[in-house]
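Beneath this line is the structure, given in structure tokens, with notes to follow.
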Amino acid sequence: VNKHPVSWLVCKTDQNLRKGLNPFHYFLKYYFSQSSEASKEENKKSFEHDFDCLIQDLSKVENPELGDLIEGLIKELNRTKSVLAGMIDIQYPDSLWEYLDAKGRYQNIVSSFAALFIAESVLQPLVLFLEDGHWLDEISKSLLNDLMRLLRNHPILLLITSRYKDNQSKPVIILPETIKENDLPQLEIDLNFLSPDAISSFTMHKLDGIISEDF
């Protein structure tokens with residue numbers, strides 16, 4: 001791991017927040033150093049700083065084979081800058097985001113996230129961690145499936161954790177047709193086979209202590 005570092009970006013779903021694309025809002029707020037305690041002006045400065053750092057880091061990559069890709073990514077990131085900003089309530093007057101209708105916003109959200117994630121994977125391989133996928137909203141599912149087509153040829157691993165549904169069925173996040181059409185490799189690790197005793201033993205080992213009988 002030390003010889004081959006990776007970026008680890010987290011998209012965390014919220015059980016109580018049913019807003020569309022909420023795990024991606026969570027990611028953007030963390031990625032661009034947004035704080036609920038900061039003013040709008042301070043958060044905008046943080047966004048500007050982190051966005052500029054990303055562009056600068058891309059510009060410093062010394063790999064002739066990636067020259068055209070990097071040039072295209074920088075162009076697309078600058079084009080959709082107001083889209084990323086708009087998702088976290090940062091406004092730029094007369095920007096692309098302000099002129100888009102709902103369909104246009106979704107299409108540009110897909111493009112902006114694709115450019116952002118691919119840019120991160122150019123800097124170093126990327127793990128995109130989606131936590132608590134069983135609470136994922138439908139728009140986020142659509143976004144993930146659309147992104148798979150655009151991210152498939154880059155060093156990006158999508159890691160999803162989820163629980164079974166109340167009816168004991170598995171939640172479907174990446175559609176079978178998306179996997180088939182894009183020839184996506186996948187690995188599923190199902191922990192449902194573990195016995196209660198095995199779970200208790202594993203938990204005590206990890207916590208290095210005794211757990212209550214109600215666990």
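Letters for chains follow the order of the structure tokens (A, B, ...), residue numbers begin at 1 for each chain, and ligand numbers begin at 1 in the order shown.
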Contact check, segment 10-95 of chain A to segment 121-135 of chain A, at most 9 Å, counting only C-alpha atoms, closest pairs as a tab-separated table:
```
residue	atom	partner	partner_atom	distance
A:Val10	CA	A:Phe129	CA	4.8
A:Cys11	CA	A:Leu130	CA	4.8
A:Lys12	CA	A:Glu131	CA	4.8
A:Thr13	CA	A:Asp132	CA	5.9
A:Asp14	CA	A:Trp135	CA	7.0
A:Gln15	CA	A:Trp135	CA	6.0
A:Arg18	CA	A:Trp135	CA	8.6
A:Pro23	CA	A:Leu130	CA	7.7
A:Asp57	CA	A:Leu123	CA	7.6
A:Leu58	CA	A:Leu123	CA	7.0
A:Val61	CA	A:Leu123	CA	7.4
A:Leu66	CA	A:Val122	CA	8.3
A:Ile70	CA	A:Val122	CA	8.1
```
Tell me, as JSON, numbers by chain, which residues lie within 8 Å of Ile88 of chain A, counting only C-alpha atoms; anything in the same chain fewer than 5 positions away does not count. {"A": [25, 28, 29]}
To one decimal place, how far is atom CA of Gly72 of chain A from atom CA of Asp50 of chain A in Å?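 Distance reported for this atom pair: 19.2 Å.
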Contact residues around segment 162-178 of chain A with only C-alpha atoms at 12 Å, ignoring same-chain residues under 4 positions, as a ChimeraX atom specification: /A:12-13,129-150,152,158,182-186,188-192
Rounded to one decimal in Å, what is the spacing between atom CA of Gln56 of chain A and atom CA of Ser36 of chain A?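 Computed distance, atom CA of Gln56 of chain A to atom CA of Ser36 of chain A, equals 26.9 Å.
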Out of segment 4-195 of chain A, which residues get alpha helix (DSSP H) from DSSP, as an MDAnalysis selection string? chainID A and resid 22:31 40:59 67:79 81:87 96:99 102:123 138:151 176:181
From segment 51-168 of chain A, collect each residue whose DSSP state is strand (DSSP E or B) and return the set as an mmCIF file with N, CA, C and O atoms, in the first residue's frame.
```
data_model
loop_
_atom_site.group_PDB
_atom_site.id
_atom_site.type_symbol
_atom_site.label_atom_id
_atom_site.label_comp_id
_atom_site.auth_asym_id
_atom_site.auth_seq_id
_atom_site.Cartn_x
_atom_site.Cartn_y
_atom_site.Cartn_z
ATOM 1 N N LEU A 126 -7.915 5.405 -7.750
ATOM 2 C CA LEU A 126 -9.008 5.908 -6.915
ATOM 3 C C LEU A 126 -9.914 4.791 -6.425
ATOM 4 O O LEU A 126 -10.325 3.927 -7.204
ATOM 5 N N VAL A 127 -10.226 4.828 -5.131
ATOM 6 C CA VAL A 127 -11.289 4.013 -4.555
ATOM 7 C C VAL A 127 -12.442 4.953 -4.233
ATOM 8 O O VAL A 127 -12.286 5.884 -3.435
ATOM 9 N N LEU A 128 -13.569 4.722 -4.870
ATOM 10 C CA LEU A 128 -14.776 5.506 -4.610
ATOM 11 C C LEU A 128 -15.662 4.664 -3.702
ATOM 12 O O LEU A 128 -16.230 3.660 -4.125
ATOM 13 N N PHE A 129 -15.758 5.071 -2.446
ATOM 14 C CA PHE A 129 -16.435 4.273 -1.421
ATOM 15 C C PHE A 129 -17.833 4.826 -1.167
ATOM 16 O O PHE A 129 -17.989 5.945 -0.680
ATOM 17 N N LEU A 130 -18.830 4.039 -1.502
ATOM 18 C CA LEU A 130 -20.222 4.402 -1.262
ATOM 19 C C LEU A 130 -20.710 3.630 -0.040
ATOM 20 O O LEU A 130 -20.853 2.411 -0.085
ATOM 21 N N GLU A 131 -20.963 4.360 1.030
ATOM 22 C CA GLU A 131 -21.326 3.737 2.305
ATOM 23 C C GLU A 131 -22.843 3.683 2.486
ATOM 24 O O GLU A 131 -23.548 4.640 2.166
ATOM 25 N N ILE A 156 -10.177 3.042 -11.361
ATOM 26 C CA ILE A 156 -11.164 3.428 -10.357
ATOM 27 C C ILE A 156 -11.905 2.191 -9.864
ATOM 28 O O ILE A 156 -12.417 1.409 -10.671
ATOM 29 N N LEU A 157 -11.939 2.015 -8.566
ATOM 30 C CA LEU A 157 -12.693 0.931 -7.948
ATOM 31 C C LEU A 157 -13.890 1.516 -7.215
ATOM 32 O O LEU A 157 -13.735 2.406 -6.369
ATOM 33 N N LEU A 158 -15.076 1.047 -7.560
ATOM 34 C CA LEU A 158 -16.287 1.434 -6.826
ATOM 35 C C LEU A 158 -16.547 0.386 -5.761
ATOM 36 O O LEU A 158 -16.777 -0.780 -6.065
ATOM 37 N N LEU A 159 -16.494 0.812 -4.498
ATOM 38 C CA LEU A 159 -16.710 -0.082 -3.365
ATOM 39 C C LEU A 159 -17.999 0.326 -2.665
ATOM 40 O O LEU A 159 -18.131 1.465 -2.207
ATOM 41 N N ILE A 160 -18.961 -0.594 -2.590
ATOM 42 C CA ILE A 160 -20.268 -0.292 -2.006
ATOM 43 C C ILE A 160 -20.538 -1.228 -0.836
ATOM 44 O O ILE A 160 -20.376 -2.449 -0.965
#
```
Distance atom CA of Thr80 of chain A-atom CA of Ser112 of chain A, one decimal place?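 Atom-to-atom, atom CA of Thr80 of chain A to atom CA of Ser112 of chain A, that is 5.6 Å.
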Could you name the residues that touch Lys44 of chain A at 12 Å or less, counting only C-alpha atoms, but leaving out those on the same chain fewer than 4 positions away, as a CSV table (one decimal) with all heavy atoms, in the first residue's frame?
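Everything below was put into result21.csv:
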```
chain,number,residue,atom,x,y,z
A,29,LYS,N,-19.1,18.4,-0.2
A,29,LYS,CA,-18.8,19.3,0.9
A,29,LYS,C,-17.5,18.9,1.6
A,29,LYS,O,-16.8,19.8,2.0
A,29,LYS,CB,-20.0,19.2,1.9
A,29,LYS,CG,-21.3,19.9,1.4
A,29,LYS,CD,-22.4,19.8,2.4
A,29,LYS,CE,-23.6,20.5,1.9
A,29,LYS,NZ,-24.8,20.4,2.8
A,32,PHE,N,-14.4,19.7,-1.0
A,32,PHE,CA,-14.1,21.1,-1.2
A,32,PHE,C,-14.1,21.9,0.2
A,32,PHE,O,-14.3,23.1,0.2
A,32,PHE,CB,-15.1,21.8,-2.1
A,32,PHE,CG,-14.9,21.3,-3.6
A,32,PHE,CD1,-15.9,20.5,-4.2
A,32,PHE,CD2,-13.8,21.7,-4.2
A,32,PHE,CE1,-15.7,20.1,-5.5
A,32,PHE,CE2,-13.6,21.3,-5.6
A,32,PHE,CZ,-14.5,20.5,-6.2
A,33,SER,N,-13.9,21.2,1.3
A,33,SER,CA,-13.7,21.8,2.6
A,33,SER,C,-14.7,22.7,3.0
A,33,SER,O,-14.5,23.8,3.5
A,33,SER,CB,-12.3,22.5,2.6
A,33,SER,OG,-11.3,21.7,2.1
A,34,GLN,N,-16.0,22.3,2.8
A,34,GLN,CA,-17.1,23.1,3.3
A,34,GLN,C,-17.4,22.9,4.7
A,34,GLN,O,-17.3,21.8,5.2
A,34,GLN,CB,-18.3,22.8,2.4
A,34,GLN,CG,-18.1,23.0,0.9
A,34,GLN,CD,-17.8,24.4,0.5
A,34,GLN,OE1,-18.7,25.3,0.5
A,34,GLN,NE2,-16.6,24.7,0.2
A,35,SER,N,-17.8,24.0,5.4
A,35,SER,CA,-18.2,23.9,6.8
A,35,SER,C,-19.5,24.6,7.1
A,35,SER,O,-19.7,25.7,6.6
A,35,SER,CB,-17.0,24.6,7.7
A,35,SER,OG,-17.4,24.7,9.0
A,38,ALA,N,-18.9,28.0,8.7
A,38,ALA,CA,-18.3,29.1,7.9
A,38,ALA,C,-19.4,29.9,7.2
A,38,ALA,O,-20.5,29.4,6.9
A,38,ALA,CB,-17.3,28.5,6.9
A,39,SER,N,-19.0,31.1,6.8
A,39,SER,CA,-19.9,32.0,6.1
A,39,SER,C,-19.9,31.5,4.6
A,39,SER,O,-19.0,30.7,4.2
A,39,SER,CB,-19.4,33.4,6.1
A,39,SER,OG,-18.2,33.6,5.5
A,40,LYS,N,-20.9,32.0,3.8
A,40,LYS,CA,-20.9,31.7,2.4
A,40,LYS,C,-19.7,32.1,1.7
A,40,LYS,O,-19.2,31.4,0.8
A,40,LYS,CB,-22.2,32.3,1.8
A,40,LYS,CG,-23.5,31.7,2.2
A,40,LYS,CD,-24.6,32.3,1.4
A,40,LYS,CE,-26.0,31.7,1.8
A,40,LYS,NZ,-27.1,32.2,1.0
A,48,GLU,N,-12.9,27.5,-4.1
A,48,GLU,CA,-12.0,28.1,-5.2
A,48,GLU,C,-10.6,27.6,-5.0
A,48,GLU,O,-9.9,27.2,-5.9
A,48,GLU,CB,-12.0,29.6,-5.1
A,48,GLU,CG,-13.3,30.3,-5.6
A,48,GLU,CD,-13.4,30.4,-7.1
A,48,GLU,OE1,-12.4,30.0,-7.7
A,48,GLU,OE2,-14.4,30.9,-7.6
A,49,HIS,N,-10.2,27.6,-3.7
A,49,HIS,CA,-8.8,27.1,-3.4
A,49,HIS,C,-8.6,25.6,-3.8
A,49,HIS,O,-7.7,25.3,-4.4
A,49,HIS,CB,-8.5,27.3,-1.9
A,49,HIS,CG,-7.2,26.7,-1.5
A,49,HIS,ND1,-7.0,25.5,-1.0
A,49,HIS,CD2,-5.9,27.3,-1.5
A,49,HIS,CE1,-5.8,25.2,-0.7
A,49,HIS,NE2,-5.1,26.3,-1.0
A,50,ASP,N,-9.6,24.8,-3.3
A,50,ASP,CA,-9.4,23.3,-3.6
A,50,ASP,C,-9.6,23.0,-5.1
A,50,ASP,O,-8.9,22.1,-5.6
A,50,ASP,CB,-10.5,22.6,-2.8
A,50,ASP,CG,-10.2,22.6,-1.3
A,50,ASP,OD1,-9.0,23.0,-0.9
A,50,ASP,OD2,-11.1,22.3,-0.5
A,51,PHE,N,-10.5,23.7,-5.8
A,51,PHE,CA,-10.6,23.5,-7.2
A,51,PHE,C,-9.3,23.9,-7.9
A,51,PHE,O,-8.9,23.2,-8.8
A,51,PHE,CB,-11.8,24.4,-7.7
A,51,PHE,CG,-12.1,24.1,-9.2
A,51,PHE,CD1,-13.0,23.1,-9.5
A,51,PHE,CD2,-11.5,24.9,-10.2
A,51,PHE,CE1,-13.3,22.9,-10.9
A,51,PHE,CE2,-11.8,24.7,-11.5
A,51,PHE,CZ,-12.7,23.7,-11.8
A,82,SER,N,-19.2,25.5,-12.2
A,82,SER,CA,-20.4,26.1,-11.5
A,82,SER,C,-21.4,25.0,-11.2
A,82,SER,O,-22.2,25.2,-10.3
A,82,SER,CB,-21.0,27.1,-12.4
A,82,SER,OG,-21.6,26.6,-13.6
A,84,LEU,N,-20.5,21.8,-10.1
A,84,LEU,CA,-20.0,21.3,-8.8
A,84,LEU,C,-20.3,22.3,-7.7
A,84,LEU,O,-20.7,21.9,-6.6
A,84,LEU,CB,-18.5,21.0,-8.9
A,84,LEU,CG,-18.1,19.9,-9.9
A,84,LEU,CD1,-16.6,19.9,-10.1
A,84,LEU,CD2,-18.6,18.5,-9.5
A,85,ALA,N,-20.1,23.5,-8.0
A,85,ALA,CA,-20.4,24.6,-7.0
A,85,ALA,C,-21.8,24.6,-6.6
A,85,ALA,O,-22.2,24.7,-5.4
A,85,ALA,CB,-19.8,25.9,-7.4
A,86,GLY,N,-22.7,24.6,-7.6
A,86,GLY,CA,-24.1,24.7,-7.4
A,86,GLY,C,-24.7,23.6,-6.6
A,86,GLY,O,-25.7,23.8,-5.8
A,88,ILE,N,-23.4,22.4,-4.0
A,88,ILE,CA,-23.2,22.7,-2.6
A,88,ILE,C,-23.5,24.1,-2.3
A,88,ILE,O,-23.0,24.7,-1.4
A,88,ILE,CB,-21.8,22.3,-2.2
A,88,ILE,CG1,-20.7,22.9,-3.1
A,88,ILE,CG2,-21.6,20.8,-2.1
A,88,ILE,CD1,-19.3,22.6,-2.7
A,89,ASP,N,-24.5,24.7,-3.1
A,89,ASP,CA,-25.1,26.0,-2.8
A,89,ASP,C,-24.1,27.1,-2.9
A,89,ASP,O,-24.2,28.1,-2.2
A,89,ASP,CB,-25.8,26.0,-1.4
A,89,ASP,CG,-26.9,25.0,-1.3
A,89,ASP,OD1,-27.6,24.8,-2.3
A,89,ASP,OD2,-27.0,24.3,-0.3
A,90,ILE,N,-23.1,27.0,-3.8
A,90,ILE,CA,-22.2,28.1,-4.1
A,90,ILE,C,-22.6,28.6,-5.5
A,90,ILE,O,-22.6,27.9,-6.5
A,90,ILE,CB,-20.7,27.6,-4.1
A,90,ILE,CG1,-20.3,27.2,-2.7
A,90,ILE,CG2,-19.8,28.7,-4.7
A,90,ILE,CD1,-18.9,26.6,-2.6
A,91,GLN,N,-22.9,29.9,-5.6
A,91,GLN,CA,-23.5,30.4,-6.8
A,91,GLN,C,-22.5,31.3,-7.5
A,91,GLN,O,-21.7,32.1,-6.9
A,91,GLN,CB,-24.8,31.3,-6.5
A,91,GLN,CG,-25.8,30.5,-5.7
A,91,GLN,CD,-26.3,29.3,-6.4
A,91,GLN,OE1,-26.5,29.3,-7.7
A,91,GLN,NE2,-26.6,28.2,-5.7
A,92,TYR,N,-22.5,31.2,-8.9
A,92,TYR,CA,-21.8,32.1,-9.7
A,92,TYR,C,-22.8,32.7,-10.7
A,92,TYR,O,-23.4,32.0,-11.5
A,92,TYR,CB,-20.7,31.3,-10.5
A,92,TYR,CG,-19.6,30.8,-9.7
A,92,TYR,CD1,-19.6,29.5,-9.2
A,92,TYR,CD2,-18.5,31.7,-9.5
A,92,TYR,CE1,-18.5,29.1,-8.4
A,92,TYR,CE2,-17.4,31.2,-8.7
A,92,TYR,CZ,-17.4,29.9,-8.2
A,92,TYR,OH,-16.4,29.5,-7.5
```
Can you tell me which residues surround segment 116-120 of chain A at a distance of at most 7 Å, considering only C-alpha atoms, apart from same-chain residues fewer than 6 positions away, and format the answer as a list in words?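 Answer for this query is Leu73, Leu77, Leu126, Leu151 and His154 of chain A.
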Keeping only N, CA and C atoms, write those residues as a PDB file, in the first residue's frame.
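And here's result38.pdb as it stands now:
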```
ATOM      1  N   LEU A  73      -9.646  16.962 -19.465  1.00  0.00           N
ATOM      2  CA  LEU A  73     -10.199  16.999 -18.110  1.00  0.00           C
ATOM      3  C   LEU A  73     -10.200  18.415 -17.549  1.00  0.00           C
ATOM      4  N   LEU A  77     -13.535  20.286 -16.458  1.00  0.00           N
ATOM      5  CA  LEU A  77     -13.681  20.732 -15.076  1.00  0.00           C
ATOM      6  C   LEU A  77     -13.965  22.237 -15.021  1.00  0.00           C
ATOM      7  N   LEU A 126      -7.915   5.405  -7.750  1.00  0.00           N
ATOM      8  CA  LEU A 126      -9.008   5.908  -6.915  1.00  0.00           C
ATOM      9  C   LEU A 126      -9.914   4.791  -6.425  1.00  0.00           C
ATOM     10  N   LEU A 151     -16.384   5.793 -16.560  1.00  0.00           N
ATOM     11  CA  LEU A 151     -15.227   5.532 -15.694  1.00  0.00           C
ATOM     12  C   LEU A 151     -14.562   4.184 -15.948  1.00  0.00           C
ATOM     13  N   HIS A 154     -10.641   3.500 -16.536  1.00  0.00           N
ATOM     14  CA  HIS A 154      -9.704   4.235 -15.682  1.00  0.00           C
ATOM     15  C   HIS A 154      -9.474   3.475 -14.379  1.00  0.00           C
TER      16      HIS A 154
END
```
